[in-house]
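What's in input-v2.pdb: PDB, C-alpha atoms, pLDDT in the B column
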```
ATOM      1  CA  MET J  16    -152.148  74.328 -72.838  1.00 51.00           C
ATOM      2  CA  VAL J  17    -152.588  72.976 -69.354  1.00 50.00           C
ATOM      3  CA  SER J  18    -155.025  70.071 -69.258  1.00 57.00           C
ATOM      4  CA  ALA J  19    -157.847  69.837 -66.725  1.00 56.00           C
ATOM      5  CA  ARG J  20    -155.968  67.033 -64.937  1.00 50.00           C
ATOM      6  CA  GLN J  21    -152.819  69.105 -64.754  1.00 50.00           C
ATOM      7  CA  LYS J  22    -154.812  72.092 -63.456  1.00 50.00           C
ATOM      8  CA  ALA J  23    -156.165  69.938 -60.655  1.00 49.00           C
ATOM      9  CA  CYS J  24    -152.679  68.687 -59.795  1.00 48.00           C
ATOM     10  CA  LEU J  25    -151.262  72.217 -59.845  1.00 49.00           C
ATOM     11  CA  ALA J  26    -154.074  73.364 -57.588  1.00 53.00           C
ATOM     12  CA  ALA J  27    -153.154  70.558 -55.184  1.00 49.00           C
ATOM     13  CA  MET J  28    -149.585  71.834 -55.256  1.00 51.00           C
ATOM     14  CA  GLY J  29    -150.835  75.288 -54.350  1.00 54.00           C
ATOM     15  CA  VAL J  30    -149.765  76.795 -57.684  1.00 50.00           C
ATOM     16  CA  ASP J  31    -152.287  79.213 -59.219  1.00 49.00           C
ATOM     17  CA  VAL J  32    -152.592  78.220 -62.868  1.00 46.00           C
ATOM     18  CA  TRP J  33    -153.953  81.470 -64.232  1.00 41.00           C
ATOM     19  CA  LEU J  34    -152.405  84.147 -62.045  1.00 44.00           C
ATOM     20  CA  ARG J  35    -149.277  85.745 -63.465  1.00 42.00           C
ATOM     21  CA  ARG J  36    -146.870  86.913 -60.824  1.00 42.00           C
ATOM     22  CA  THR J  37    -144.308  89.640 -61.238  1.00 38.00           C
ATOM     23  CA  PRO J  38    -140.828  88.086 -61.371  1.00 38.00           C
ATOM     24  CA  GLU J  39    -138.782  88.965 -58.337  1.00 35.00           C
ATOM     25  CA  THR J  40    -135.056  89.210 -57.984  1.00 34.00           C
ATOM     26  CA  ASP J  41    -133.679  86.333 -55.961  1.00 39.00           C
ATOM     27  CA  ASP J  42    -130.032  85.631 -55.340  1.00 38.00           C
ATOM     28  CA  VAL J  43    -130.789  81.937 -54.750  1.00 39.00           C
ATOM     29  CA  THR J  44    -132.053  81.269 -58.259  1.00 38.00           C
ATOM     30  CA  PRO J  45    -129.202  80.900 -60.796  1.00 39.00           C
ATOM     31  CA  PRO J  46    -129.110  84.078 -62.959  1.00 36.00           C
ATOM     32  CA  ARG J  47    -129.390  82.092 -66.187  1.00 38.00           C
ATOM     33  CA  THR J  48    -132.526  80.264 -65.073  1.00 38.00           C
ATOM     34  CA  ARG J  49    -135.531  81.840 -66.779  1.00 37.00           C
ATOM     35  CA  ARG J  50    -138.473  82.267 -64.400  1.00 36.00           C
ATOM     36  CA  ALA J  51    -141.739  80.908 -65.734  1.00 38.00           C
ATOM     37  CA  SER J  52    -145.384  81.295 -64.789  1.00 37.00           C
ATOM     38  CA  ALA J  53    -147.426  78.151 -64.371  1.00 37.00           C
ATOM     39  CA  ALA J  54    -149.832  79.758 -66.835  1.00 36.00           C
ATOM     40  CA  SER J  55    -147.136  79.839 -69.507  1.00 37.00           C
ATOM     41  CA  GLU J  56    -146.399  76.132 -69.741  1.00 37.00           C
ATOM     42  CA  ALA J  57    -145.857  76.597 -73.444  1.00 37.00           C
ATOM     43  CA  LYS J  58    -142.731  78.575 -72.573  1.00 40.00           C
ATOM     44  CA  PRO J  59    -140.745  76.448 -70.123  1.00 43.00           C
ATOM     45  CA  PRO J  60    -137.113  77.227 -69.334  1.00 44.00           C
ATOM     46  CA  GLN J  61    -134.972  76.446 -72.358  1.00 44.00           C
ATOM     47  CA  ALA J  62    -132.750  73.425 -71.896  1.00 43.00           C
ATOM     48  CA  GLU J  63    -130.008  74.943 -74.023  1.00 38.00           C
ATOM     49  CA  THR J  64    -129.688  77.918 -71.665  1.00 36.00           C
ATOM     50  CA  ALA J  65    -128.705  75.692 -68.767  1.00 40.00           C
ATOM     51  CA  PRO J  66    -125.038  74.706 -69.055  1.00 38.00           C
ATOM     52  CA  ALA J  67    -124.460  70.997 -68.680  1.00 37.00           C
ATOM     53  CA  ARG J  68    -122.571  70.179 -65.502  1.00 39.00           C
ATOM     54  CA  ARG J  69    -120.880  66.857 -64.918  1.00 41.00           C
ATOM     55  CA  ALA J  70    -120.584  65.587 -61.377  1.00 39.00           C
ATOM     56  CA  THR J  71    -116.890  65.428 -60.579  1.00 32.00           C
ATOM     57  CA  ALA J  72    -117.081  62.145 -58.681  1.00 33.00           C
ATOM     58  CA  ALA J  73    -120.518  60.736 -59.417  1.00 36.00           C
ATOM     59  CA  VAL J  74    -119.335  57.944 -61.659  1.00 39.00           C
ATOM     60  CA  LEU J  75    -121.559  54.903 -61.543  1.00 46.00           C
ATOM     61  CA  PRO J  76    -119.284  52.152 -60.276  1.00 47.00           C
ATOM     62  CA  SER J  77    -119.217  48.675 -61.649  1.00 49.00           C
ATOM     63  CA  VAL J  78    -121.753  46.959 -59.437  1.00 54.00           C
ATOM     64  CA  GLN J  79    -120.297  43.546 -58.667  1.00 62.00           C
ATOM     65  CA  PRO J  80    -122.196  41.421 -58.769  1.00 78.00           C
ATOM     66  CA  LEU J  81    -125.133  43.113 -60.452  1.00 91.00           C
ATOM     67  CA  LEU J  82    -128.125  41.688 -58.627  1.00 95.00           C
ATOM     68  CA  ASP J  83    -131.570  41.273 -60.157  1.00 96.00           C
ATOM     69  CA  TRP J  84    -134.487  43.168 -58.636  1.00 97.00           C
ATOM     70  CA  GLU J  85    -135.742  40.416 -56.358  1.00 97.00           C
ATOM     71  CA  THR J  86    -132.311  39.409 -55.098  1.00 97.00           C
ATOM     72  CA  LEU J  87    -131.429  43.050 -54.492  1.00 97.00           C
ATOM     73  CA  ALA J  88    -134.666  43.658 -52.563  1.00 97.00           C
ATOM     74  CA  THR J  89    -133.934  40.631 -50.399  1.00 97.00           C
ATOM     75  CA  ARG J  90    -130.386  41.826 -49.763  1.00 96.00           C
ATOM     76  CA  VAL J  91    -131.627  45.269 -48.740  1.00 97.00           C
ATOM     77  CA  SER J  92    -134.277  43.880 -46.395  1.00 97.00           C
ATOM     78  CA  ALA J  93    -131.617  41.879 -44.524  1.00 96.00           C
ATOM     79  CA  CYS J  94    -128.963  44.603 -44.476  1.00 97.00           C
ATOM     80  CA  THR J  95    -127.229  45.318 -41.156  1.00 96.00           C
ATOM     81  CA  ALA J  96    -124.256  47.229 -42.568  1.00 95.00           C
ATOM     82  CA  CYS J  97    -124.826  50.361 -40.470  1.00 95.00           C
ATOM     83  CA  GLU J  98    -126.479  51.308 -37.191  1.00 95.00           C
ATOM     84  CA  LEU J  99    -129.731  52.380 -38.859  1.00 96.00           C
ATOM     85  CA  HIS J 100    -130.960  48.789 -38.965  1.00 95.00           C
ATOM     86  CA  GLN J 101    -131.267  48.828 -35.184  1.00 95.00           C
ATOM     87  CA  GLY J 102    -134.140  51.308 -35.139  1.00 94.00           C
ATOM     88  CA  ARG J 103    -136.015  50.568 -38.332  1.00 96.00           C
ATOM     89  CA  THR J 104    -139.431  48.985 -38.610  1.00 96.00           C
ATOM     90  CA  GLN J 105    -138.561  47.819 -42.114  1.00 97.00           C
ATOM     91  CA  THR J 106    -136.413  48.864 -45.033  1.00 98.00           C
ATOM     92  CA  VAL J 107    -137.780  51.086 -47.788  1.00 98.00           C
ATOM     93  CA  PHE J 108    -136.480  49.623 -51.024  1.00 98.00           C
ATOM     94  CA  GLY J 109    -138.233  51.681 -53.676  1.00 97.00           C
ATOM     95  CA  THR J 110    -141.414  51.526 -55.695  1.00 97.00           C
ATOM     96  CA  GLY J 111    -142.811  52.071 -59.151  1.00 97.00           C
ATOM     97  CA  ASN J 112    -142.362  50.948 -62.719  1.00 98.00           C
ATOM     98  CA  ARG J 113    -139.152  48.961 -63.126  1.00 97.00           C
ATOM     99  CA  ASN J 114    -139.119  49.928 -66.803  1.00 97.00           C
ATOM    100  CA  ALA J 115    -139.594  53.626 -66.045  1.00 98.00           C
ATOM    101  CA  GLU J 116    -137.756  56.320 -67.963  1.00 97.00           C
ATOM    102  CA  TRP J 117    -137.947  58.710 -64.988  1.00 98.00           C
ATOM    103  CA  LEU J 118    -136.198  57.963 -61.694  1.00 98.00           C
ATOM    104  CA  ILE J 119    -137.093  60.115 -58.689  1.00 98.00           C
ATOM    105  CA  ILE J 120    -134.525  60.061 -55.879  1.00 98.00           C
ATOM    106  CA  GLY J 121    -135.259  61.427 -52.427  1.00 98.00           C
ATOM    107  CA  GLU J 122    -133.339  61.593 -49.178  1.00 97.00           C
ATOM    108  CA  ALA J 123    -134.418  58.897 -46.713  1.00 96.00           C
ATOM    109  CA  PRO J 124    -137.571  57.321 -45.302  1.00 96.00           C
ATOM    110  CA  GLY J 125    -139.610  59.211 -42.725  1.00 94.00           C
ATOM    111  CA  ALA J 126    -141.812  57.778 -39.997  1.00 94.00           C
ATOM    112  CA  GLU J 127    -144.707  56.921 -42.297  1.00 94.00           C
ATOM    113  CA  GLU J 128    -142.395  55.403 -44.912  1.00 96.00           C
ATOM    114  CA  ASP J 129    -140.662  53.325 -42.236  1.00 96.00           C
ATOM    115  CA  LYS J 130    -144.067  52.082 -41.122  1.00 96.00           C
ATOM    116  CA  ARG J 131    -145.358  51.198 -44.590  1.00 96.00           C
ATOM    117  CA  GLY J 132    -142.133  50.242 -46.361  1.00 96.00           C
ATOM    118  CA  GLU J 133    -142.725  52.566 -49.311  1.00 96.00           C
ATOM    119  CA  PRO J 134    -141.112  55.926 -50.145  1.00 97.00           C
ATOM    120  CA  PHE J 135    -143.054  59.188 -50.207  1.00 96.00           C
ATOM    121  CA  VAL J 136    -146.356  58.053 -48.702  1.00 94.00           C
ATOM    122  CA  GLY J 137    -147.006  60.846 -46.181  1.00 91.00           C
ATOM    123  CA  ARG J 138    -148.006  64.452 -46.850  1.00 93.00           C
ATOM    124  CA  ALA J 139    -144.796  65.046 -48.759  1.00 94.00           C
ATOM    125  CA  GLY J 140    -145.559  61.975 -50.853  1.00 95.00           C
ATOM    126  CA  GLN J 141    -149.034  63.282 -51.671  1.00 95.00           C
ATOM    127  CA  LEU J 142    -147.503  66.546 -52.822  1.00 97.00           C
ATOM    128  CA  LEU J 143    -144.925  64.686 -54.914  1.00 97.00           C
ATOM    129  CA  THR J 144    -147.729  62.713 -56.563  1.00 97.00           C
ATOM    130  CA  SER J 145    -149.485  65.997 -57.393  1.00 96.00           C
ATOM    131  CA  MET J 146    -146.264  67.472 -58.759  1.00 95.00           C
ATOM    132  CA  LEU J 147    -145.709  64.492 -61.031  1.00 96.00           C
ATOM    133  CA  GLY J 148    -149.345  64.511 -62.105  1.00 96.00           C
ATOM    134  CA  ALA J 149    -149.123  68.181 -63.032  1.00 94.00           C
ATOM    135  CA  LEU J 150    -146.219  67.271 -65.276  1.00 94.00           C
ATOM    136  CA  GLY J 151    -148.272  64.554 -66.967  1.00 95.00           C
ATOM    137  CA  LEU J 152    -146.466  61.742 -65.154  1.00 96.00           C
ATOM    138  CA  PRO J 153    -148.821  59.459 -63.228  1.00 96.00           C
ATOM    139  CA  ARG J 154    -146.903  58.092 -60.263  1.00 96.00           C
ATOM    140  CA  PRO J 155    -147.134  54.439 -61.443  1.00 96.00           C
ATOM    141  CA  GLN J 156    -145.146  55.425 -64.553  1.00 97.00           C
ATOM    142  CA  VAL J 157    -142.017  56.477 -62.629  1.00 98.00           C
ATOM    143  CA  TYR J 158    -139.685  54.745 -60.191  1.00 98.00           C
ATOM    144  CA  ILE J 159    -139.020  56.286 -56.775  1.00 98.00           C
ATOM    145  CA  ALA J 160    -136.119  55.489 -54.475  1.00 98.00           C
ATOM    146  CA  ASN J 161    -134.102  57.149 -51.708  1.00 98.00           C
ATOM    147  CA  ILE J 162    -130.455  57.712 -50.929  1.00 98.00           C
ATOM    148  CA  LEU J 163    -130.969  55.665 -47.731  1.00 98.00           C
ATOM    149  CA  LYS J 164    -133.109  52.535 -47.333  1.00 98.00           C
ATOM    150  CA  CYS J 165    -133.616  52.944 -43.567  1.00 98.00           C
ATOM    151  CA  ARG J 166    -135.000  55.838 -41.559  1.00 96.00           C
ATOM    152  CA  PRO J 167    -132.446  57.943 -39.661  1.00 96.00           C
ATOM    153  CA  PRO J 168    -133.457  58.656 -36.029  1.00 94.00           C
ATOM    154  CA  SER J 169    -135.608  61.803 -35.727  1.00 91.00           C
ATOM    155  CA  ASN J 170    -135.228  62.254 -39.500  1.00 89.00           C
ATOM    156  CA  ARG J 171    -131.706  63.628 -39.068  1.00 94.00           C
ATOM    157  CA  ASP J 172    -129.404  64.062 -42.056  1.00 94.00           C
ATOM    158  CA  PRO J 173    -127.709  60.859 -43.249  1.00 95.00           C
ATOM    159  CA  LYS J 174    -124.159  60.271 -42.058  1.00 96.00           C
ATOM    160  CA  PRO J 175    -121.434  59.779 -44.687  1.00 95.00           C
ATOM    161  CA  ASP J 176    -120.874  56.143 -43.732  1.00 95.00           C
ATOM    162  CA  GLU J 177    -124.607  55.412 -43.984  1.00 97.00           C
ATOM    163  CA  VAL J 178    -124.701  56.911 -47.465  1.00 97.00           C
ATOM    164  CA  ALA J 179    -121.606  54.915 -48.434  1.00 95.00           C
ATOM    165  CA  PHE J 180    -123.166  51.628 -47.333  1.00 95.00           C
ATOM    166  CA  CYS J 181    -126.453  52.324 -49.120  1.00 96.00           C
ATOM    167  CA  GLU J 182    -124.895  53.637 -52.337  1.00 95.00           C
ATOM    168  CA  GLN J 183    -124.255  50.118 -53.633  1.00 94.00           C
ATOM    169  CA  TYR J 184    -127.977  49.413 -53.471  1.00 97.00           C
ATOM    170  CA  LEU J 185    -128.977  52.655 -55.181  1.00 97.00           C
ATOM    171  CA  PHE J 186    -126.337  52.209 -57.884  1.00 96.00           C
ATOM    172  CA  ASN J 187    -127.598  48.682 -58.490  1.00 97.00           C
ATOM    173  CA  GLN J 188    -131.127  50.049 -58.870  1.00 97.00           C
ATOM    174  CA  ILE J 189    -129.947  52.695 -61.328  1.00 97.00           C
ATOM    175  CA  ALA J 190    -128.060  50.074 -63.336  1.00 96.00           C
ATOM    176  CA  LEU J 191    -131.141  47.837 -63.508  1.00 97.00           C
ATOM    177  CA  LEU J 192    -133.519  50.667 -64.325  1.00 97.00           C
ATOM    178  CA  ASN J 193    -131.267  52.513 -66.777  1.00 95.00           C
ATOM    179  CA  PRO J 194    -133.430  55.660 -66.578  1.00 97.00           C
ATOM    180  CA  ARG J 195    -133.356  58.344 -69.219  1.00 97.00           C
ATOM    181  CA  ILE J 196    -133.516  61.104 -66.588  1.00 98.00           C
ATOM    182  CA  ILE J 197    -133.122  61.449 -62.820  1.00 98.00           C
ATOM    183  CA  LEU J 198    -135.034  63.985 -60.755  1.00 98.00           C
ATOM    184  CA  ALA J 199    -133.210  64.596 -57.459  1.00 98.00           C
ATOM    185  CA  VAL J 200    -135.587  66.054 -54.868  1.00 98.00           C
ATOM    186  CA  GLY J 201    -133.996  67.883 -51.987  1.00 97.00           C
ATOM    187  CA  ARG J 202    -130.528  69.001 -50.941  1.00 97.00           C
ATOM    188  CA  ILE J 203    -129.434  65.683 -49.436  1.00 96.00           C
ATOM    189  CA  ALA J 204    -130.376  63.680 -52.521  1.00 97.00           C
ATOM    190  CA  ALA J 205    -128.827  66.160 -54.935  1.00 98.00           C
ATOM    191  CA  GLN J 206    -125.553  66.661 -53.072  1.00 97.00           C
ATOM    192  CA  ASN J 207    -124.974  62.961 -52.424  1.00 96.00           C
ATOM    193  CA  LEU J 208    -125.914  61.923 -55.937  1.00 96.00           C
ATOM    194  CA  LEU J 209    -123.718  64.581 -57.559  1.00 96.00           C
ATOM    195  CA  LYS J 210    -120.937  64.415 -54.930  1.00 95.00           C
ATOM    196  CA  THR J 211    -120.958  68.134 -54.270  1.00 97.00           C
ATOM    197  CA  GLN J 212    -121.519  70.607 -51.441  1.00 96.00           C
ATOM    198  CA  THR J 213    -123.021  73.201 -53.767  1.00 97.00           C
ATOM    199  CA  PRO J 214    -126.221  74.674 -52.287  1.00 97.00           C
ATOM    200  CA  ILE J 215    -129.436  73.447 -53.845  1.00 97.00           C
ATOM    201  CA  GLY J 216    -130.291  76.958 -55.008  1.00 96.00           C
ATOM    202  CA  LYS J 217    -127.259  76.863 -57.299  1.00 97.00           C
ATOM    203  CA  LEU J 218    -127.888  73.298 -58.450  1.00 98.00           C
ATOM    204  CA  ARG J 219    -131.400  74.112 -59.652  1.00 98.00           C
ATOM    205  CA  GLY J 220    -131.961  75.176 -63.232  1.00 97.00           C
ATOM    206  CA  HIS J 221    -129.013  73.240 -64.661  1.00 98.00           C
ATOM    207  CA  ARG J 222    -128.667  69.941 -66.423  1.00 98.00           C
ATOM    208  CA  HIS J 223    -126.225  67.776 -64.506  1.00 98.00           C
ATOM    209  CA  ALA J 224    -124.898  64.345 -65.471  1.00 97.00           C
ATOM    210  CA  PHE J 225    -124.553  61.164 -63.467  1.00 96.00           C
ATOM    211  CA  GLY J 226    -122.313  58.205 -64.135  1.00 91.00           C
ATOM    212  CA  GLY J 227    -120.402  57.025 -67.145  1.00 87.00           C
ATOM    213  CA  GLN J 228    -123.585  57.053 -69.199  1.00 86.00           C
ATOM    214  CA  GLU J 229    -124.061  60.712 -68.223  1.00 93.00           C
ATOM    215  CA  ILE J 230    -127.683  60.241 -67.247  1.00 97.00           C
ATOM    216  CA  PRO J 231    -129.237  63.733 -67.096  1.00 98.00           C
ATOM    217  CA  VAL J 232    -130.013  64.925 -63.563  1.00 98.00           C
ATOM    218  CA  VAL J 233    -132.322  67.807 -62.696  1.00 98.00           C
ATOM    219  CA  VAL J 234    -132.536  69.104 -59.121  1.00 98.00           C
ATOM    220  CA  THR J 235    -135.584  70.498 -57.327  1.00 98.00           C
ATOM    221  CA  TYR J 236    -136.788  71.094 -53.791  1.00 98.00           C
ATOM    222  CA  HIS J 237    -138.001  68.300 -51.535  1.00 97.00           C
ATOM    223  CA  PRO J 238    -141.807  68.189 -51.143  1.00 97.00           C
ATOM    224  CA  ALA J 239    -141.403  68.325 -47.351  1.00 95.00           C
ATOM    225  CA  TYR J 240    -139.582  71.649 -47.743  1.00 97.00           C
ATOM    226  CA  LEU J 241    -142.347  72.908 -50.016  1.00 97.00           C
ATOM    227  CA  LEU J 242    -144.907  72.092 -47.341  1.00 97.00           C
ATOM    228  CA  ARG J 243    -142.945  74.277 -44.926  1.00 96.00           C
ATOM    229  CA  SER J 244    -142.265  76.968 -47.534  1.00 96.00           C
ATOM    230  CA  PRO J 245    -145.258  77.034 -49.898  1.00 96.00           C
ATOM    231  CA  GLY J 246    -143.937  80.170 -51.564  1.00 95.00           C
ATOM    232  CA  GLU J 247    -141.275  78.008 -53.221  1.00 96.00           C
ATOM    233  CA  LYS J 248    -143.791  75.791 -55.025  1.00 96.00           C
ATOM    234  CA  ARG J 249    -143.670  77.988 -58.107  1.00 96.00           C
ATOM    235  CA  ARG J 250    -139.934  77.489 -58.378  1.00 97.00           C
ATOM    236  CA  ALA J 251    -140.426  73.748 -58.023  1.00 97.00           C
ATOM    237  CA  TRP J 252    -142.900  73.895 -60.895  1.00 96.00           C
ATOM    238  CA  GLU J 253    -140.289  75.693 -62.998  1.00 97.00           C
ATOM    239  CA  ASP J 254    -137.833  72.890 -62.173  1.00 98.00           C
ATOM    240  CA  LEU J 255    -140.350  70.297 -63.343  1.00 98.00           C
ATOM    241  CA  LEU J 256    -140.928  72.133 -66.607  1.00 97.00           C
ATOM    242  CA  PHE J 257    -137.175  72.282 -67.104  1.00 98.00           C
ATOM    243  CA  ALA J 258    -136.840  68.558 -66.361  1.00 98.00           C
ATOM    244  CA  ARG J 259    -139.524  67.773 -68.916  1.00 98.00           C
ATOM    245  CA  GLN J 260    -137.778  69.889 -71.515  1.00 98.00           C
ATOM    246  CA  VAL J 261    -134.485  68.127 -70.843  1.00 98.00           C
ATOM    247  CA  PHE J 262    -136.258  64.777 -71.170  1.00 98.00           C
ATOM    248  CA  GLU J 263    -137.943  65.758 -74.445  1.00 97.00           C
ATOM    249  CA  SER J 264    -134.584  66.822 -75.865  1.00 97.00           C
ATOM    250  CA  LEU J 265    -133.089  63.341 -75.311  1.00 96.00           C
ATOM    251  CA  PRO J 266    -132.750  60.846 -78.153  1.00 92.00           C
ATOM    252  CA  PRO J 267    -135.004  57.787 -77.927  1.00 84.00           C
ATOM    253  CA  ARG J 268    -133.722  55.005 -75.679  1.00 75.00           C
TER     254      ARG J 268
END
```

Once more with this new file: its structure as structure tokens, please.
Amino acid sequence: MVSARQKACLAAMGVDVWLRRTPETDDVTPPRTRRASAASEAKPPQAETAPARRATAAVLPSVQPLLDWETLATRVSACTACELHQGRTQTVFGTGNRNAEWLIIGEAPGAEEDKRGEPFVGRAGQLLTSMLGALGLPRPQVYIANILKCRPPSNRDPKPDEVAFCEQYLFNQIALLNPRIILAVGRIAAQNLLKTQTPIGKLRGHRHAFGGQEIPVVVTYHPAYLLRSPGEKRRAWEDLLFARQVFESLPPR
């Protein structure tokens, strides 16, 4: 059953809890991904139906030296490795529970994030908070980070060299956090994390693996995209249900 709190969060996402919609054929959704109504939370997509996919190159490198949280945050705040430092207000390191089992990875800071120094704090961040709440994950229980720590000009896509410079920081965060599952939100986050050019529509609905520890990765749409395309919110909800099922299938840490 969907709790009252989850109903409120789903309503904030724009997902009707009680209305069943007729499944539609869509060539973007992987054929083996079972469509689910938000009203049928008891029947989320089955984890065993999604073939495990291992990222061909996403092997967590040996972070040398492995910095502690405070030292790493200081290193990030002083970073001038790429041109992005020239236009930033401040770096956006990451936020949340440093003992979290869930790691949410987005693309890069936007204008509001650059101003406040925290990821996902604008309208997209409010939607992400609602999405997590609908899943029964209060935002303080997860950790949220981005592929990039500085805002790209005009919110353009990250350049390969910018991603390469920032990867060491993200990998260090992953090593410190040791999450049980990673939720990659958006095409940029998913493709850079999994080292693939596969479209996000084909990455959704599958359990991927990251690094030598094969941390499960589930891909969904970026909240900013959902704000522009509210009709896709139901698919995002399906992705969240799938992520929760993958998480519940994992052995205890």

*Could you work out how far CA of Ser92 (chain J) lies from CA of Val136 (chain J), giving the answer in Å with one decimal?*
18.8 Å

*Could you tell me which of J:Thr86, J:Asn112, J:Gln105, J:Gln228 comes closest to Arg195 (chain J) if we count only C-alpha atoms?*
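So, comparing all the options, the nearest one is J:Gln228.
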
*Computed interatomic separation between CA of Ile197 (chain J) and CA of Val232 (chain J) (Å)*: 4.7 Å

Write out as a PDB file with C-alpha atoms, in the coordinates of the input the residues lying within 9 Å of Asn187 (chain J), counting all atoms listed in the file and excluding same-chain residues fewer than 2 positions away.
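What landed in around-v6.pdb:
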```pdb
ATOM      1  CA  SER J  77    -119.217  48.675 -61.649  1.00 49.00           C
ATOM      2  CA  VAL J  78    -121.753  46.959 -59.437  1.00 54.00           C
ATOM      3  CA  GLN J  79    -120.297  43.546 -58.667  1.00 62.00           C
ATOM      4  CA  LEU J  81    -125.133  43.113 -60.452  1.00 91.00           C
ATOM      5  CA  LEU J  82    -128.125  41.688 -58.627  1.00 95.00           C
ATOM      6  CA  ASP J  83    -131.570  41.273 -60.157  1.00 96.00           C
ATOM      7  CA  TRP J  84    -134.487  43.168 -58.636  1.00 97.00           C
ATOM      8  CA  LEU J  87    -131.429  43.050 -54.492  1.00 97.00           C
ATOM      9  CA  GLU J 182    -124.895  53.637 -52.337  1.00 95.00           C
ATOM     10  CA  GLN J 183    -124.255  50.118 -53.633  1.00 94.00           C
ATOM     11  CA  TYR J 184    -127.977  49.413 -53.471  1.00 97.00           C
ATOM     12  CA  LEU J 185    -128.977  52.655 -55.181  1.00 97.00           C
ATOM     13  CA  ILE J 189    -129.947  52.695 -61.328  1.00 97.00           C
ATOM     14  CA  ALA J 190    -128.060  50.074 -63.336  1.00 96.00           C
ATOM     15  CA  LEU J 191    -131.141  47.837 -63.508  1.00 97.00           C
ATOM     16  CA  LEU J 192    -133.519  50.667 -64.325  1.00 97.00           C
TER      17      LEU J 192
END
```

*asked:* One decimal, in Å: what's the spacing between CA of Ala205 (chain J) and CA of Arg171 (chain J)?
replied: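 Calculated distance between CA of Ala205 (chain J) and CA of Arg171 (chain J) is 16.3 Å.
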
*If we count all atoms listed in the file, what is near Arg154 (chain J) at a cut-off of 8 Å, once residues fewer than 3 positions away on the same chain are taken out, given as number ranges by chain?*
J: 111, 144, 147-148, 157-158

*For this file, the PyMOL selection byres ((chain J and resi 118) around 8) selects which residues, as a list of chain:residue names?*
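With the shown file as input, the PyMOL selection byres ((chain J and resi 118) around 8) matches J:Ala115, J:Glu116, J:Trp117, J:Ile119, J:Ile120, J:Val157, J:Tyr158, J:Ile159, J:Ala160, J:Pro194, J:Ile196, J:Ile197, J:Leu198.
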
*Choose the residue, out of J:Arg259, J:Arg90, J:Lys164, J:Lys248, that has the smallest atom-to-atom separation from Gly151 (chain J); count all atoms listed in the file.*
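So, comparing all the options, the nearest one is J:Arg259.
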
*Can you list, as a PyMOL selection string, every protein, DNA or RNA residue that comes within 9 Å of Leu255 (chain J) when you count only C-alpha atoms, leaving out same-chain residues fewer than 5 positions away?*
chain J and resi 146-147+150+198+233-235+250+260

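Considering only C-alpha atoms, the residue among J:Asn207, J:Gln156, J:Ser264, J:Gln212 positioned nearest to Ala123 (chain J) is J:Asn207.
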
*Closest to Ala149 (chain J) among J:Pro266, J:Thr110, J:Glu253, J:Glu85, using all atoms listed in the file?*
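Looking at the shortest contact to Ala149 (chain J), the residue is J:Glu253.
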
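Using all atoms listed in the file, the smallest distance between any of J:Ala88, J:Ala204, J:Lys210, J:Ala224 and Pro173 (chain J) comes from J:Ala204.
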
*So which residues touch Ala139 (chain J) within 8 Å, counting only C-alpha atoms, skipping near sequence neighbours fewer than 3 positions away, as a ChimeraX atom specification?*
/J:135-136,142-143,238-239,242
